[in-house]
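Asker: Take this structure first; my questions come after.
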Amino acid sequence: PQPPTHNTRTLPLPPCFHPPTSRTQFKPQPSFLSIPQLITTGTATNTMKACILLSATLLIAQGTWALIPATPGEQTRRAITSTKEKISQIRSTNLPPRIYIDYLIPLPPATTDADIDPWPGGLAQMYPYAEDIVRDILTGVVEESAREKCSSQVLSASDCCGFFIQESPLSPELDVAAVLFPGPDQFDKMKEIEAMVGDQRTLIIFNRQFTRPEDFGMFKKGEAKGFMDKYEWAFAFQEIACRGEDVKRTYEQSLGWQVAVVDENGREIEIKDSSWDVKVRPDYNTLEAKINEMMPEPLWMRKMQEVSEKGLKFQRKE
């Protein structure tokens, strides 16, 4: 399948976008983060305040406020909040807002445990899901914007790379652009888009298909390093395997980098060290050393112990 081509706009785009007439404001679903606001603004009665504080305490004690997003909706809300905070922080330094977002796209509804590869179609299969996610995030980041004011263009059908612009009704400088699934082959196009966006507008690299300057080849790695150095993380929810463990890495502007292992029972075990700089993403070797320290027994050994205690799964009476 090829990426959709509806609602497209041909490059080059005009230097200034005409403000749309609609002022439909994105309203995220209620979250527990609004509890302090409800209490401090005086809109809750004393009884409500007591119930809210008690509920919040119980939720924290029960681990409901998870380190990693529990649902796609929560991931989107956290991505919007963190991205807005990062854009504001970059603007305060008078630098062009250039940011990365790594979003963990939910698996297709038809996915089963037996599926070896939940995305057999690769990026082409992911694109329709990712397109909706990008539109939701852009609509939430741009104040008083409407989803229908997000225009898009396919930059490369073969590489499934798309370009999106969310227009702001308040000021052209508040427009936000995003490039979805860009890879090394789109380097020249990314530079062209960056020049077109200018220093005032925000440009997001969404789910990049490169990780280091060397990915761009021997002759372009120097130029690519200069390009990548301009970008900062706004939000990330990444999934990796480290020492055979299911490891989740998250980045949010207010928290920095956080890491958790999801064990075989579905529990989140936070992996952290007081010496780590939360502004720096921990690499594989750092994570492996800390996991070995906090979880000396690897997954295969824990599984063997479970079998010795409970027997094979098909033999259990549970």
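So you can find residues: chains in the structure tokens are A, B, ... in the order shown, residues in each start at 1, and ligands are numbered from 1 in order.
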At a cut-off of 12 Å, using only C-alpha atoms, what residues contact Lys230 (chain A)? Leave out same-chain residues fewer than 3 positions from it and give the result as a ChimeraX atom specification.

Answerer: /A:90,95-100,191,194,199,203-205,223-227,233

Asker: How about saving the chosen residues, N, CA, C and O atoms kept, as a compact mmCIF listing (two decimals), in the first residue's frame?

Answerer:
```
# COMPACT_ATOMS: atom_id res chain seq x y z
N ILE A 90 12.70 26.59 23.86
CA ILE A 90 13.61 26.95 22.77
C ILE A 90 13.39 28.40 22.35
O ILE A 90 14.34 29.14 22.09
N LEU A 95 16.41 30.68 19.60
CA LEU A 95 16.90 29.74 18.59
C LEU A 95 15.72 29.22 17.77
O LEU A 95 14.58 29.21 18.24
N PRO A 96 15.96 28.79 16.54
CA PRO A 96 14.88 28.21 15.74
C PRO A 96 14.35 26.94 16.40
O PRO A 96 15.16 26.08 16.79
N PRO A 97 13.05 26.78 16.56
CA PRO A 97 12.50 25.57 17.18
C PRO A 97 12.64 24.37 16.24
O PRO A 97 11.92 24.24 15.26
N ARG A 98 13.58 23.51 16.55
CA ARG A 98 13.84 22.30 15.78
C ARG A 98 13.83 21.12 16.76
O ARG A 98 14.69 21.04 17.64
N ILE A 99 12.88 20.21 16.59
CA ILE A 99 12.70 19.18 17.61
C ILE A 99 12.46 17.79 17.01
O ILE A 99 12.00 17.67 15.88
N TYR A 100 12.76 16.78 17.81
CA TYR A 100 12.48 15.39 17.49
C TYR A 100 11.31 14.90 18.32
O TYR A 100 11.16 15.26 19.50
N LYS A 191 16.48 19.70 4.22
CA LYS A 191 17.16 21.00 4.24
C LYS A 191 16.32 22.05 3.52
O LYS A 191 16.24 23.21 3.95
N GLU A 194 13.47 22.96 5.82
CA GLU A 194 13.95 23.77 6.94
C GLU A 194 14.14 25.22 6.52
O GLU A 194 13.79 26.16 7.26
N ASP A 199 13.23 30.60 10.59
CA ASP A 199 13.72 30.52 11.96
C ASP A 199 12.62 30.66 13.01
O ASP A 199 12.84 30.32 14.18
N LEU A 203 9.74 23.20 13.44
CA LEU A 203 9.85 22.06 12.54
C LEU A 203 10.10 20.81 13.38
O LEU A 203 11.04 20.78 14.19
N ILE A 204 9.27 19.80 13.19
CA ILE A 204 9.36 18.56 13.94
C ILE A 204 9.82 17.42 13.02
O ILE A 204 9.26 17.26 11.93
N ILE A 205 10.82 16.68 13.44
CA ILE A 205 11.19 15.44 12.77
C ILE A 205 10.51 14.32 13.55
O ILE A 205 10.86 14.04 14.70
N GLU A 223 28.06 17.19 7.13
CA GLU A 223 26.93 18.11 6.98
C GLU A 223 25.73 17.61 7.79
O GLU A 223 25.00 18.42 8.39
N ALA A 224 25.53 16.29 7.82
CA ALA A 224 24.42 15.73 8.56
C ALA A 224 24.57 15.98 10.06
O ALA A 224 23.58 16.21 10.76
N LYS A 225 25.78 15.93 10.57
CA LYS A 225 26.01 16.20 11.99
C LYS A 225 25.60 17.62 12.34
O LYS A 225 24.94 17.87 13.37
N GLY A 226 25.96 18.57 11.49
CA GLY A 226 25.55 19.95 11.73
C GLY A 226 24.05 20.11 11.71
O GLY A 226 23.47 20.88 12.48
N PHE A 227 23.39 19.37 10.82
CA PHE A 227 21.94 19.41 10.73
C PHE A 227 21.31 18.81 11.99
O PHE A 227 20.40 19.39 12.59
N TRP A 233 15.27 16.92 21.68
CA TRP A 233 14.14 16.04 21.95
C TRP A 233 13.01 16.81 22.61
O TRP A 233 13.22 17.57 23.56
```

Asker: Rank A:Val278, A:Val176, A:Met295, A:Ala124 by their smallest atom-to-atom distance to Glu245 (chain A), using only C-alpha atoms, and report the top residue only.

Answerer: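 Using only C-alpha atoms, the shortest distance to Glu245 (chain A) belongs to A:Met295.
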
Asker: By how many Å are CA of Ala289 (chain A) and CA of Arg267 (chain A) apart?

Answerer: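 Atom-to-atom, CA of Ala289 (chain A) and CA of Arg267 (chain A) are spaced 20.2 Å apart.
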
Asker: For CA of Thr83 (chain A) and CA of Glu232 (chain A), quote the distance in Å rounded to one decimal.

Answerer: 10.5 Å

Asker: Would you please give, as a ChimeraX atom specification, all residues of region 87-213 of chain A that DSSP assigns to strand (DSSP E) based on the backbone?

Answerer: /A:98-102,150-156,161-166,176-180,202-206

Asker: Would you please extract all helix (DSSP H, G or I) residues from region 99-219 of chain A, as assigned by DSSP on the backbone, and give them as an MDAnalysis selection string?

Answerer: chainID A and resid 122:141 147:149 172:174 184:197 213:216

Asker: Measuring atom to atom with only C-alpha atoms, identify which of A:Ile116, A:Glu239, A:Phe163, A:Ser168 is nearest to Glu192 (chain A).

Answerer: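 Of all the options, A:Phe163 lies closest to Glu192 (chain A).
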
Asker: Go through A:Leu67, A:Tyr103, A:Val141, A:Pro118 and flag the residue nearest Val247 (chain A), using only C-alpha atoms for the distances.

Answerer: A:Leu67

Asker: Take CA of Gly256 (chain A) and CA of Lys272 (chain A) and report the distance between them in Å, one decimal.

Answerer: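 A separation of 11.9 Å between them.
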
Asker: Using only C-alpha atoms, determine which residues lie at most 10 Å from Lys189 (chain A), disregarding the query and same-chain residues fewer than 4 positions distant; provide the list as a ChimeraX atom specification.

Answerer: /A:155-156,179,182,184-185,193-195

Asker: Just want the 9 Å neighbourhood of Lys290 (chain A), counted on only C-alpha atoms, with same-chain residues fewer than 3 positions away dropped. Output as a ChimeraX atom specification.

Answerer: /A:271-273,285-287,293-295

Asker: Write out as a list in words which residues come within 8 Å of Ile80 (chain A) when counting only C-alpha atoms, dropping same-chain ones fewer than 6 positions away.

Answerer: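 Counting only C-alpha atoms, the residues come to Ile137, Leu138, Gly140 and Val141 of chain A.
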
Asker: Print the selection's residues with C-alpha atoms to a file, as an mmCIF file, in the first residue's frame.

Answerer:
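Result went into again16.cif, see below:
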```cif
data_model
loop_
_atom_site.group_PDB
_atom_site.id
_atom_site.type_symbol
_atom_site.label_atom_id
_atom_site.label_comp_id
_atom_site.auth_asym_id
_atom_site.auth_seq_id
_atom_site.Cartn_x
_atom_site.Cartn_y
_atom_site.Cartn_z
ATOM 1 C CA ILE A 137 -0.400 16.179 18.001
ATOM 2 C CA LEU A 138 -0.064 19.175 15.684
ATOM 3 C CA GLY A 140 -2.917 20.029 20.150
ATOM 4 C CA VAL A 141 0.378 21.911 19.928
#
```

Asker: Pro109 (chain A): which residues within 12 Å, counting only C-alpha atoms, same-chain residues fewer than 3 positions away excluded, as a list of chain:residue names?

Answerer: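 Residues meeting the cut-off are A:Ile105, A:Pro106, A:Thr112, A:Asp113, A:Pro118, A:Trp119, A:Tyr129.
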
Asker: Just to be explicit: take each residue in the selection above, keep N, CA and C atoms, and write the result as a PDB file, in the first residue's frame.

Answerer:
```pdb
ATOM      1  N   ILE A 105       4.037   3.861  17.882  1.00  0.00           N
ATOM      2  CA  ILE A 105       2.757   3.667  17.208  1.00  0.00           C
ATOM      3  C   ILE A 105       2.100   2.381  17.708  1.00  0.00           C
ATOM      4  N   PRO A 106       0.849   2.455  18.153  1.00  0.00           N
ATOM      5  CA  PRO A 106       0.174   1.249  18.663  1.00  0.00           C
ATOM      6  C   PRO A 106       0.068   0.174  17.586  1.00  0.00           C
ATOM      7  N   THR A 112      -2.019 -10.406  16.912  1.00  0.00           N
ATOM      8  CA  THR A 112      -2.127 -11.478  17.909  1.00  0.00           C
ATOM      9  C   THR A 112      -0.734 -11.845  18.410  1.00  0.00           C
ATOM     10  N   ASP A 113      -0.682 -12.604  19.504  1.00  0.00           N
ATOM     11  CA  ASP A 113       0.603 -13.015  20.065  1.00  0.00           C
ATOM     12  C   ASP A 113       1.386 -13.897  19.097  1.00  0.00           C
ATOM     13  N   PRO A 118       4.298  -7.678  13.557  1.00  0.00           N
ATOM     14  CA  PRO A 118       2.979  -7.037  13.517  1.00  0.00           C
ATOM     15  C   PRO A 118       2.830  -6.024  12.386  1.00  0.00           C
ATOM     16  N   TRP A 119       3.967  -5.615  11.785  1.00  0.00           N
ATOM     17  CA  TRP A 119       3.931  -4.656  10.674  1.00  0.00           C
ATOM     18  C   TRP A 119       4.592  -5.282   9.444  1.00  0.00           C
ATOM     19  N   TYR A 129      -1.794   5.089  10.209  1.00  0.00           N
ATOM     20  CA  TYR A 129      -1.898   5.252  11.661  1.00  0.00           C
ATOM     21  C   TYR A 129      -1.089   6.472  12.104  1.00  0.00           C
TER      22      TYR A 129
END
```

Asker: Env of Leu180 (chain A): 9 Å cut, atoms = only C-alpha atoms, seq-sep filter 3 positions within chain, self excluded. Answer as number ranges by chain.

Answerer: A: 127, 130-131, 134, 160-164, 204-208

Asker: Check the smallest atom-to-atom distance from each of A:Lys279, A:Lys310, A:Arg302, A:Lys84 to Ile101 (chain A) using only C-alpha atoms, then report the winner.

Answerer: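 Result for the nearest residue to Ile101 (chain A): A:Lys84.
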
Asker: Kindly indicate which residue among A:Ala236, A:Val154, A:Ala66, A:Met126 lies nearest to Asp102 (chain A), using only C-alpha atoms for the distances.

Answerer: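 Smallest distance to Asp102 (chain A) is found for A:Ala236.
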